[in-house]
$ cat query_15.txt   # compact mmCIF, C-alpha atoms
# COMPACT_ATOMS: atom_id res chain seq x y z
CA MET A 36 46.97 -7.43 39.25
CA MET A 37 43.70 -5.64 38.65
CA ASN A 38 43.40 -3.98 35.34
CA ILE A 39 42.18 -0.52 36.17
CA ASN A 40 41.55 0.33 32.55
CA ARG A 41 39.26 -2.59 32.17
CA ILE A 42 37.32 -1.67 35.25
CA ILE A 43 36.94 1.88 34.03
CA SER A 44 35.73 0.79 30.63
CA GLN A 45 33.32 -1.66 32.20
CA LEU A 46 31.98 1.05 34.45
CA ALA A 47 31.60 3.33 31.46
CA GLY A 48 29.74 0.55 29.68
CA ILE A 49 27.37 0.09 32.56
CA THR A 50 26.69 3.82 32.78
CA LEU A 51 26.08 3.93 29.07
CA ILE A 52 23.63 1.07 29.23
CA SER A 53 21.76 2.61 32.13
CA LEU A 54 21.73 5.99 30.41
CA CYS A 55 20.24 4.43 27.30
CA SER A 56 17.58 2.60 29.18
CA PHE A 57 16.90 5.70 31.21
CA SER A 58 16.33 7.90 28.19
CA ASN A 59 14.24 5.19 26.56
CA PRO A 60 12.22 3.73 29.39
CA ALA A 61 9.47 2.55 27.09
CA ILE A 62 11.66 0.31 25.00
CA ALA A 63 12.78 -2.16 27.61
CA ALA A 64 10.17 -3.38 30.02
CA ASP A 65 12.03 -3.51 33.30
CA ASP A 66 9.59 -6.05 34.60
CA ASP A 67 8.83 -9.60 33.56
CA GLN A 68 5.25 -8.65 34.25
CA PHE A 69 5.16 -6.68 30.99
CA LYS A 70 7.20 -9.03 28.80
CA HIS A 71 4.28 -10.50 26.89
CA ALA A 72 2.44 -7.18 26.53
CA GLU A 73 5.62 -5.56 25.27
CA ARG A 74 6.03 -8.28 22.65
CA LEU A 75 2.42 -7.78 21.53
CA TYR A 76 2.97 -4.03 21.38
CA ASP A 77 6.12 -4.49 19.30
CA THR A 78 4.32 -6.79 16.88
CA TYR A 79 1.02 -4.94 16.41
CA CYS A 80 1.18 -1.37 17.69
CA VAL A 81 4.63 -0.05 16.71
CA GLN A 82 3.64 0.12 13.02
CA CYS A 83 1.49 3.16 13.90
CA HIS A 84 2.40 4.21 17.45
CA GLY A 85 6.16 4.04 16.87
CA MET A 86 9.29 2.42 18.26
CA ASN A 87 9.37 5.15 20.91
CA ARG A 88 5.65 4.76 21.63
CA ASP A 89 5.22 8.44 20.84
CA GLY A 90 2.73 8.18 17.97
CA ASN A 91 5.37 8.56 15.25
CA GLY A 92 5.19 5.10 13.74
CA LEU A 93 6.22 3.97 10.27
CA ASN A 94 2.65 4.44 9.01
CA SER A 95 1.97 7.76 10.72
CA THR A 96 3.33 10.02 7.97
CA TYR A 97 0.30 9.77 5.70
CA MET A 98 -2.36 9.20 8.31
CA SER A 99 -5.08 11.85 8.48
CA VAL A 100 -5.48 11.35 12.23
CA GLN A 101 -2.23 10.91 14.12
CA PRO A 102 -1.84 7.87 16.37
CA ARG A 103 -1.97 8.65 20.08
CA ASP A 104 1.31 9.45 21.85
CA HIS A 105 1.48 6.66 24.44
CA SER A 106 4.39 8.27 26.23
CA ASP A 107 2.37 11.37 27.13
CA PRO A 108 1.39 11.13 30.82
CA LYS A 109 -1.32 13.78 30.55
CA GLY A 110 -3.00 12.60 27.34
CA MET A 111 -2.89 8.95 28.29
CA GLY A 112 -3.57 9.49 31.98
CA ASP A 113 -6.86 11.18 31.13
CA ILE A 114 -8.25 8.12 29.38
CA PRO A 115 -10.08 5.84 31.82
CA LEU A 116 -8.88 2.23 31.91
CA GLU A 117 -12.25 0.96 30.72
CA GLU A 118 -12.04 3.15 27.63
CA ILE A 119 -8.57 1.87 26.79
CA ALA A 120 -9.73 -1.73 27.06
CA GLU A 121 -12.82 -0.93 24.98
CA VAL A 122 -10.80 0.81 22.25
CA LEU A 123 -8.30 -2.07 22.12
CA LYS A 124 -11.09 -4.58 21.71
CA LYS A 125 -13.47 -2.73 19.43
CA GLY A 126 -11.34 -0.06 17.81
CA GLY A 127 -11.38 3.75 17.81
CA LEU A 128 -14.98 4.01 16.61
CA ALA A 129 -16.21 2.43 19.86
CA ALA A 130 -15.09 5.56 21.75
CA ASN A 131 -15.95 8.07 19.01
CA LYS A 132 -12.33 8.09 17.93
CA SER A 133 -10.88 7.53 14.46
CA VAL A 134 -11.45 4.28 12.53
CA LEU A 135 -7.70 4.38 11.88
CA MET A 136 -7.26 2.88 15.34
CA PRO A 137 -8.25 -0.73 14.50
CA ALA A 138 -10.06 -3.29 16.66
CA TRP A 139 -7.85 -6.02 18.13
CA GLY A 140 -10.46 -8.06 20.01
CA GLU A 141 -10.29 -10.84 17.40
CA ILE A 142 -6.57 -11.37 17.97
CA PHE A 143 -6.08 -10.84 21.72
CA SER A 144 -7.64 -12.72 24.60
CA ASP A 145 -9.31 -10.73 27.38
CA GLU A 146 -6.27 -11.44 29.52
CA GLU A 147 -3.97 -10.00 26.86
CA ILE A 148 -6.18 -6.89 26.60
CA ASP A 149 -5.77 -6.43 30.36
CA GLN A 150 -2.00 -6.91 30.11
CA LEU A 151 -1.77 -4.35 27.29
CA THR A 152 -3.92 -1.90 29.21
CA ALA A 153 -1.62 -2.21 32.22
CA TYR A 154 1.42 -1.91 29.97
CA LEU A 155 0.06 1.35 28.49
CA ARG A 156 -0.34 2.74 32.01
CA HIS A 157 3.23 1.67 32.70
CA ILE A 158 4.82 3.36 29.67
CA CYS A 159 3.01 6.68 30.10
CA LYS A 160 4.07 6.62 33.75
CA CYS A 161 0.59 7.73 34.66
CA GLY A 162 -0.37 5.40 37.46
CA SER A 163 -2.38 2.24 37.62
CA ASN A 164 -5.87 3.66 37.24
CA MET B 298 40.68 -50.25 -23.41
CA ILE B 299 38.31 -51.10 -20.58
CA LYS B 300 39.40 -47.94 -18.81
CA ALA B 301 38.52 -45.74 -21.76
CA HIS B 302 35.07 -47.26 -22.02
CA LEU B 303 34.45 -46.69 -18.37
CA LEU B 304 35.53 -43.09 -18.67
CA ALA B 305 33.23 -42.51 -21.64
CA ALA B 306 30.36 -44.09 -19.74
CA ILE B 307 30.95 -41.87 -16.70
CA ILE B 308 31.16 -38.71 -18.78
CA GLY B 309 28.08 -39.79 -20.71
CA ALA B 310 26.08 -40.40 -17.54
CA GLY B 311 27.13 -37.08 -16.09
CA PHE B 312 26.15 -35.28 -19.25
CA LEU B 313 22.79 -37.01 -19.30
CA ALA B 314 22.07 -36.12 -15.68
CA SER B 315 22.92 -32.46 -16.11
CA SER B 316 20.91 -32.14 -19.29
CA VAL B 317 17.90 -33.66 -17.54
CA THR B 318 18.01 -31.05 -14.81
CA THR B 319 18.36 -28.15 -17.19
CA PHE B 320 15.76 -29.20 -19.73
CA ALA B 321 12.97 -30.42 -17.47
CA ALA B 322 13.33 -28.52 -14.24
CA ASP B 323 11.66 -30.27 -11.33
CA GLY B 324 9.59 -27.60 -9.58
CA SER B 325 9.23 -29.32 -6.22
CA ALA B 326 12.95 -30.05 -6.13
CA ILE B 327 13.66 -26.36 -6.77
CA LEU B 328 11.30 -25.34 -3.99
CA GLN B 329 12.87 -27.79 -1.55
CA SER B 330 16.46 -26.97 -2.35
CA GLN B 331 16.33 -23.22 -3.03
CA CYS B 332 13.27 -21.83 -1.30
CA ALA B 333 12.52 -23.83 1.84
CA SER B 334 15.19 -22.04 3.87
CA CYS B 335 13.08 -18.86 3.79
CA HIS B 336 9.52 -20.00 2.99
CA ALA B 337 7.24 -22.45 4.82
CA LEU B 338 6.15 -24.96 2.17
CA THR B 339 4.02 -26.95 4.59
CA GLN B 340 1.76 -25.57 7.29
CA PRO B 341 3.66 -25.07 10.55
CA GLU B 342 2.18 -27.28 13.26
CA LYS B 343 1.64 -24.47 15.70
CA VAL B 344 1.90 -20.84 14.71
CA THR B 345 3.38 -18.71 17.46
CA LEU B 346 4.49 -15.10 17.61
CA ASP B 347 8.01 -16.46 17.19
CA HIS B 348 7.11 -17.72 13.71
CA ILE B 349 5.99 -14.20 12.76
CA TRP B 350 9.24 -12.71 14.11
CA GLU B 351 11.63 -15.29 12.74
CA ARG B 352 10.36 -16.25 9.29
CA LYS B 353 12.58 -15.03 6.47
CA GLY B 354 9.89 -14.97 3.81
CA PRO B 355 6.09 -15.15 3.55
CA ASP B 356 4.51 -18.60 3.98
CA LEU B 357 3.96 -20.32 0.65
CA TYR B 358 2.10 -23.48 1.67
CA TYR B 359 -1.15 -21.99 0.34
CA ALA B 360 0.40 -20.30 -2.74
CA GLY B 361 -1.98 -22.22 -5.02
CA VAL B 362 -5.06 -20.44 -3.63
CA LYS B 363 -3.32 -17.09 -3.40
CA PHE B 364 -1.47 -16.18 -6.59
CA ASN B 365 -2.28 -15.87 -10.26
CA LYS B 366 0.14 -18.18 -12.05
CA PRO B 367 1.16 -15.77 -14.85
CA TRP B 368 2.22 -13.27 -12.18
CA LEU B 369 4.29 -15.91 -10.40
CA VAL B 370 6.15 -16.87 -13.58
CA LYS B 371 6.90 -13.24 -14.32
CA TRP B 372 7.83 -12.19 -10.77
CA LEU B 373 10.14 -15.13 -10.08
CA GLN B 374 12.25 -14.06 -13.06
CA ASP B 375 12.13 -10.39 -12.25
CA PRO B 376 11.12 -9.81 -8.64
CA VAL B 377 10.00 -6.34 -7.60
CA ARG B 378 9.52 -5.45 -3.94
CA ILE B 379 6.01 -6.05 -2.60
CA ARG B 380 6.50 -5.35 1.09
CA PRO B 381 8.08 -1.89 1.49
CA SER B 382 9.33 -2.77 4.97
CA GLY B 383 10.32 -6.39 4.41
CA VAL B 384 8.67 -9.58 5.50
CA PHE B 385 8.24 -8.28 9.06
CA TYR B 386 8.24 -4.48 9.35
CA ARG B 387 9.38 -4.48 12.99
CA THR B 388 12.81 -5.83 12.15
CA HIS B 389 13.37 -3.39 9.27
CA ILE B 390 12.70 0.05 10.74
CA LYS B 391 14.76 2.74 12.44
CA LYS B 392 14.13 6.17 13.93
CA GLY B 393 13.83 8.86 11.28
CA GLU B 394 13.85 12.60 11.75
CA LYS B 395 10.30 12.61 12.95
CA ALA B 396 8.61 9.28 12.32
CA ASP B 397 10.06 5.77 12.08
CA VAL B 398 11.39 4.97 8.59
CA VAL B 399 12.32 1.83 6.66
CA ASP B 400 15.95 0.82 7.19
CA GLU B 401 16.69 0.05 3.52
CA SER B 402 20.12 -1.35 4.36
CA THR B 403 18.45 -4.36 5.98
CA LEU B 404 16.35 -5.30 2.94
CA ILE B 405 17.64 -7.81 0.42
CA ASP B 406 16.76 -8.30 -3.24
CA HIS B 407 14.91 -11.51 -4.03
CA MET B 408 16.72 -14.28 -5.93
CA LYS B 409 15.94 -14.61 -9.64
CA LEU B 410 15.06 -17.78 -11.54
CA THR B 411 15.54 -18.59 -15.20
CA GLN B 412 12.38 -18.83 -17.29
CA ALA B 413 12.37 -22.64 -17.22
CA ASP B 414 12.92 -22.78 -13.47
CA ALA B 415 10.32 -20.05 -12.87
CA GLU B 416 7.72 -21.98 -14.82
CA ALA B 417 8.52 -25.20 -12.99
CA ALA B 418 8.54 -23.50 -9.59
CA ALA B 419 5.24 -21.74 -10.37
CA ASP B 420 3.66 -25.09 -11.29
CA ALA B 421 4.85 -26.58 -8.03
CA LEU B 422 3.64 -23.54 -6.05
CA MET B 423 0.19 -23.71 -7.64
CA ALA B 424 -0.07 -27.28 -6.35
CA LEU B 425 0.35 -26.08 -2.73
CA THR B 426 -3.25 -25.36 -1.78
CA GLY B 427 -2.98 -25.33 2.02
CA PRO B 428 -5.58 -26.72 4.39
CA GLU B 429 -9.14 -27.32 3.18
CA GLY B 430 -11.46 -24.32 3.38
CA LEU B 431 -8.72 -21.76 3.98
CA ILE B 432 -10.34 -19.30 1.61
CA GLU B 433 -13.97 -18.74 0.64
CA THR B 434 -14.53 -19.47 -3.01
CA GLY B 435 -17.43 -18.14 -5.00
CA LYS B 436 -18.52 -15.50 -2.49
CA PHE B 437 -17.01 -12.61 -4.43
CA ASP B 438 -19.22 -11.40 -7.27
CA LYS B 439 -16.78 -10.87 -10.15
CA ASP B 440 -19.34 -9.31 -12.43
CA LYS B 441 -20.21 -6.38 -10.23
CA LYS B 442 -18.22 -3.20 -10.73
CA ALA B 443 -16.73 -1.42 -7.74
CA SER B 444 -18.99 1.38 -6.58
CA PRO B 445 -17.55 4.91 -6.91
CA MET B 446 -17.47 4.85 -3.11
CA ALA B 447 -14.96 2.00 -3.05
CA LYS B 448 -11.85 4.13 -3.06
CA MET B 449 -13.23 6.24 -0.24
CA LEU B 450 -13.93 3.05 1.72
CA PHE B 451 -10.36 1.91 1.22
CA VAL B 452 -8.67 5.20 1.95
CA LYS B 453 -10.88 6.76 4.60
CA LEU B 454 -13.86 4.90 5.92
CA ARG B 455 -12.17 1.54 6.56
CA GLY B 456 -8.66 2.85 7.05
CA CYS B 457 -6.90 0.35 4.78
CA SER B 458 -4.52 3.07 3.60
CA ALA B 459 -3.06 3.31 7.08
CA CYS B 460 -1.02 0.19 6.28
CA HIS B 461 -1.23 -0.23 2.49
CA SER B 462 -0.05 1.89 -0.42
CA THR B 463 -1.73 1.79 -3.82
CA GLY B 464 0.89 3.40 -5.99
CA ASP B 465 0.29 7.10 -5.52
CA GLY B 466 3.23 7.49 -3.16
CA LYS B 467 0.95 7.73 -0.14
CA GLY B 468 -0.32 5.18 2.32
CA GLY B 469 1.17 2.96 4.97
CA LEU B 470 4.33 0.91 4.72
CA SER B 471 3.78 -1.94 7.16
CA GLY B 472 1.61 -3.98 4.77
CA PRO B 473 2.20 -5.16 1.18
CA GLU B 474 1.61 -2.63 -1.61
CA LEU B 475 -1.69 -3.31 -3.31
CA GLN B 476 -1.23 -1.49 -6.60
CA THR B 477 -0.28 -4.80 -8.24
CA ALA B 478 -2.65 -6.93 -6.14
CA GLY B 479 -5.16 -7.45 -8.94
CA GLU B 480 -2.49 -8.94 -11.15
CA ARG B 481 -0.82 -10.83 -8.29
CA LEU B 482 -3.71 -12.26 -6.29
CA GLN B 483 -6.80 -14.35 -6.96
CA PRO B 484 -10.00 -12.33 -6.30
CA ASP B 485 -11.29 -14.96 -3.84
CA PHE B 486 -8.06 -14.61 -1.89
CA ILE B 487 -8.39 -10.82 -1.73
CA TYR B 488 -11.97 -11.22 -0.51
CA SER B 489 -11.09 -13.86 2.08
CA TYR B 490 -7.98 -12.09 3.36
CA THR B 491 -9.83 -8.79 3.78
CA LYS B 492 -12.59 -10.60 5.63
CA ASP B 493 -10.36 -12.55 8.01
CA PRO B 494 -6.58 -12.20 7.68
CA GLN B 495 -6.08 -14.08 10.95
CA LYS B 496 -7.67 -17.22 9.53
CA ILE B 497 -5.20 -17.27 6.63
CA ASP B 498 -2.06 -16.02 8.38
CA LYS B 499 -2.57 -16.36 12.11
CA GLY B 500 -0.84 -13.69 14.16
CA VAL B 501 -0.25 -11.33 11.23
CA TRP B 502 -0.33 -7.62 12.12
CA MET B 503 -3.43 -6.93 10.02
CA PRO B 504 -6.35 -7.27 12.42
CA LYS B 505 -9.66 -8.92 11.62
CA LEU B 506 -12.00 -5.98 11.12
CA ALA B 507 -15.79 -6.14 11.17
CA ILE B 508 -16.61 -5.37 7.53
CA SER B 509 -20.09 -5.68 6.04
CA GLU B 510 -20.67 -8.01 3.08
CA GLN B 511 -21.37 -5.05 0.81
CA ASP B 512 -18.15 -3.30 1.82
CA LEU B 513 -16.21 -6.54 1.32
CA GLN B 514 -17.53 -6.80 -2.24
CA ASN B 515 -16.64 -3.20 -2.98
CA LEU B 516 -13.18 -3.35 -1.42
CA THR B 517 -12.39 -6.54 -3.34
CA SER B 518 -13.58 -5.06 -6.66
CA TYR B 519 -11.53 -1.96 -5.97
CA ILE B 520 -8.34 -3.92 -5.25
CA VAL B 521 -8.85 -6.30 -8.20
CA GLN B 522 -9.00 -3.41 -10.67
CA LEU B 523 -5.83 -1.82 -9.28
CA SER B 524 -3.85 -4.47 -11.19
CA GLY B 525 -0.57 -2.86 -12.03
CA LYS B 526 -1.67 0.33 -13.67
CA LYS B 527 -0.83 3.64 -12.07
CA GLU B 528 -3.73 4.95 -10.12
CA ALA B 529 -5.28 8.19 -11.33
CA LYS B 530 -4.57 10.97 -8.88
$ encode --input "query_15.txt" --output "structure tokens"
Amino acid sequence: MMNINRIISQLAGITLISLCSFSNPAIAADDDQFKHAERLYDTYCVQCHGMNRDGNGLNSTYMSVQPRDHSDPKGMGDIPLEEIAEVLKKGGLAANKSVLMPAWGEIFSDEEIDQLTAYLRHICKCGSN
Amino acid sequence: MIKAHLLAAIIGAGFLASSVTTFAADGSAILQSQCASCHALTQPEKVTLDHIWERKGPDLYYAGVKFNKPWLVKWLQDPVRIRPSGVFYRTHIKKGEKADVVDESTLIDHMKLTQADAEAAADALMALTGPEGLIETGKFDKDKKASPMAKMLFVKLRGCSACHSTGDGKGGLSGPELQTAGERLQPDFIYSYTKDPQKIDKGVWMPKLAISEQDLQNLTSYIVQLSGKKEAK
């Protein structure tokens, strides 16, 4: 005998899970392609840019310049890929932005910078270039 | 008759053994038995991101070049939180009303040691000096006073406040508080860590920033003099 209740509750579970991941697309990289970049982001960027990638990180409260909202398609889409890579490597100052955005070139390899750049394009849903 | 002697001998031996451990605490034994489950006491062979995510306490294998011993003895008896968001901020935060906030319910209080055990453990920790050349000794000029610009460097120009608080209720929460850093840390360690945190704690979420020698001297002097006292507003 099939247990209809169980099926219903499983269905509900699945819908719930997909709802959650739908409302929070940035949290779970749907692609293996972004696994490593997502891990790097969670380790180094979330402290300022936030769990939701919206600029409201743990440190943002007292910062005089607010971290960029990485979920904003317009704001992020307007930054050329080269500038993103440059800012990641050399910090905000390299693009006349705030020193509060640090330089990460001493931690990440060039390949990792490229992966993070692509990941940022992915989470703002603003295309690949 | 024989039985009674044996019993007395056993009790005597037991008494002797327990009095040895209470009167002359063995620091390394304490570290191994009570601390190693959370702290790396020897350098991990290969540091990966997983180490950063999974460690339960800060690495202590270079404690001898990091801490001032009097601070260790005091803190081990009466630990006060240093890292507002735990040993790894990412696993201790939740969504707040606007910004992410510390999830206090996930933070635990540090274990306390008796005075004798704290002294023994501090001795043993001071003997853990890590790999050769981990920190630069003698570069920091202890005799020079911090320039009046130093605070501005820390707060604004170099952006240290984004991740560190200095006791005025402001500043970032993802890094250790620095208002007690002067009391806690050796000046050469402060200098070396500010210069290249990745050399000392590879993979840590404080990046290596390009800081001039002069700024390094001023930042170090500034942090050294913060030692415990409340900062003037």
$ axis_aligned_box --input "query_15.txt" --around "segment 144-152 of chain A" --padding-each-side "6 Å" --output "JSON"
{"center_x": -5.5, "center_y": -7.3, "center_z": 27.5, "size_x": 19.5, "size_y": 22.8, "size_z": 17.8}
$ closest_residue --input "query_15.txt" --among "B:Ile497, B:Cys457, B:Val362, B:Val377" --to "chain A" --atoms "only C-alpha atoms"
B:Cys457
$ residues_near_point --input "query_15.txt" --point "(6.7, 4.9, 19.1)" --cutoff "12 Å" --atoms "all atoms listed in the file" --output "ChimeraX atom specification"
/A:59-62,76-77,79-95,101-107,158-159 /B:387,390-393,395-398
$ closest_residue --input "query_15.txt" --among "B:His348, B:Lys448, B:Lys371, B:Lys409" --to "chain A" --atoms "all atoms listed in the file"
B:His348
$ atom_distance --input "query_15.txt" --atom1 "atom CA of Ser462 of chain B" --atom2 "atom CA of Val521 of chain B"
14.3 Å
$ interface_residues --input "query_15.txt" --of "chain B" --to "chain A" --cutoff "9 Å" --atoms "all atoms listed in the file" --output "MDAnalysis selection string"
chainID B and resid 346 349:350 385:387 390:392 395:399 453:461 467:471 495 499:507
$ write_last_selection --input "query_15.txt" --atoms "C-alpha atoms" --output "short mmCIF file (atom, residue, chain, number, x, y, z; two decimals), in the coordinates of the input"
data_model
loop_
_atom_site.label_atom_id
_atom_site.label_comp_id
_atom_site.auth_asym_id
_atom_site.auth_seq_id
_atom_site.Cartn_x
_atom_site.Cartn_y
_atom_site.Cartn_z
CA LEU B 346 4.49 -15.10 17.61
CA ILE B 349 5.99 -14.20 12.76
CA TRP B 350 9.24 -12.71 14.11
CA PHE B 385 8.24 -8.28 9.06
CA TYR B 386 8.24 -4.48 9.35
CA ARG B 387 9.38 -4.48 12.99
CA ILE B 390 12.70 0.05 10.74
CA LYS B 391 14.76 2.74 12.44
CA LYS B 392 14.13 6.17 13.93
CA LYS B 395 10.30 12.61 12.95
CA ALA B 396 8.61 9.28 12.32
CA ASP B 397 10.06 5.77 12.08
CA VAL B 398 11.39 4.97 8.59
CA VAL B 399 12.32 1.83 6.66
CA LYS B 453 -10.88 6.76 4.60
CA LEU B 454 -13.86 4.90 5.92
CA ARG B 455 -12.17 1.54 6.56
CA GLY B 456 -8.66 2.85 7.05
CA CYS B 457 -6.90 0.35 4.78
CA SER B 458 -4.52 3.07 3.60
CA ALA B 459 -3.06 3.31 7.08
CA CYS B 460 -1.02 0.19 6.28
CA HIS B 461 -1.23 -0.23 2.49
CA LYS B 467 0.95 7.73 -0.14
CA GLY B 468 -0.32 5.18 2.32
CA GLY B 469 1.17 2.96 4.97
CA LEU B 470 4.33 0.91 4.72
CA SER B 471 3.78 -1.94 7.16
CA GLN B 495 -6.08 -14.08 10.95
CA LYS B 499 -2.57 -16.36 12.11
CA GLY B 500 -0.84 -13.69 14.16
CA VAL B 501 -0.25 -11.33 11.23
CA TRP B 502 -0.33 -7.62 12.12
CA MET B 503 -3.43 -6.93 10.02
CA PRO B 504 -6.35 -7.27 12.42
CA LYS B 505 -9.66 -8.92 11.62
CA LEU B 506 -12.00 -5.98 11.12
CA ALA B 507 -15.79 -6.14 11.17
#
$ closest_residue --input "query_15.txt" --among "B:Pro473, B:Gly324, B:Pro355, B:Gly466" --to "Val370 of chain B" --atoms "all atoms listed in the file"
B:Gly324
$ atom_distance --input "query_15.txt" --atom1 "atom CA of Asp347 of chain B" --atom2 "atom CA of Asp400 of chain B"
21.5 Å
$ closest_residue --input "query_15.txt" --among "B:Asp356, B:Met408, B:Gln340, B:Glu351" --to "Thr388 of chain B" --atoms "all atoms listed in the file"
B:Glu351
$ atom_distance --input "query_15.txt" --atom1 "atom CA of Glu474 of chain B" --atom2 "atom CA of Ala129 of chain A"
28.4 Å
$ residues_around --input "query_15.txt" --residues "Gln331 of chain B" --least-positions-apart "4" --cutoff "12 Å" --atoms "all atoms listed in the file" --output "PyMOL selection string"
chain B and resi 323-327+335-336+338+407-410+414-415+418
$ write_last_selection --input "query_15.txt" --atoms "C-alpha atoms" --output "PDB file, in the frame of the given file"
ATOM      1  CA  ASP B 323      11.660 -30.270 -11.330  1.00  0.00           C
ATOM      2  CA  GLY B 324       9.590 -27.600  -9.580  1.00  0.00           C
ATOM      3  CA  SER B 325       9.230 -29.320  -6.220  1.00  0.00           C
ATOM      4  CA  ALA B 326      12.950 -30.050  -6.130  1.00  0.00           C
ATOM      5  CA  ILE B 327      13.660 -26.360  -6.770  1.00  0.00           C
ATOM      6  CA  CYS B 335      13.080 -18.860   3.790  1.00  0.00           C
ATOM      7  CA  HIS B 336       9.520 -20.000   2.990  1.00  0.00           C
ATOM      8  CA  LEU B 338       6.150 -24.960   2.170  1.00  0.00           C
ATOM      9  CA  HIS B 407      14.910 -11.510  -4.030  1.00  0.00           C
ATOM     10  CA  MET B 408      16.720 -14.280  -5.930  1.00  0.00           C
ATOM     11  CA  LYS B 409      15.940 -14.610  -9.640  1.00  0.00           C
ATOM     12  CA  LEU B 410      15.060 -17.780 -11.540  1.00  0.00           C
ATOM     13  CA  ASP B 414      12.920 -22.780 -13.470  1.00  0.00           C
ATOM     14  CA  ALA B 415      10.320 -20.050 -12.870  1.00  0.00           C
ATOM     15  CA  ALA B 418       8.540 -23.500  -9.590  1.00  0.00           C
TER      16      ALA B 418
END
$ closest_residue --input "query_15.txt" --among "B:Ser330, B:Thr477, B:Gln514, B:Asn365" --to "Leu422 of chain B" --atoms "only C-alpha atoms"
B:Asn365
$ closest_residue --input "query_15.txt" --among "B:Glu394, B:Asp440, B:Asp465, B:Glu433" --to "Ile487 of chain B" --atoms "only C-alpha atoms"
B:Glu433
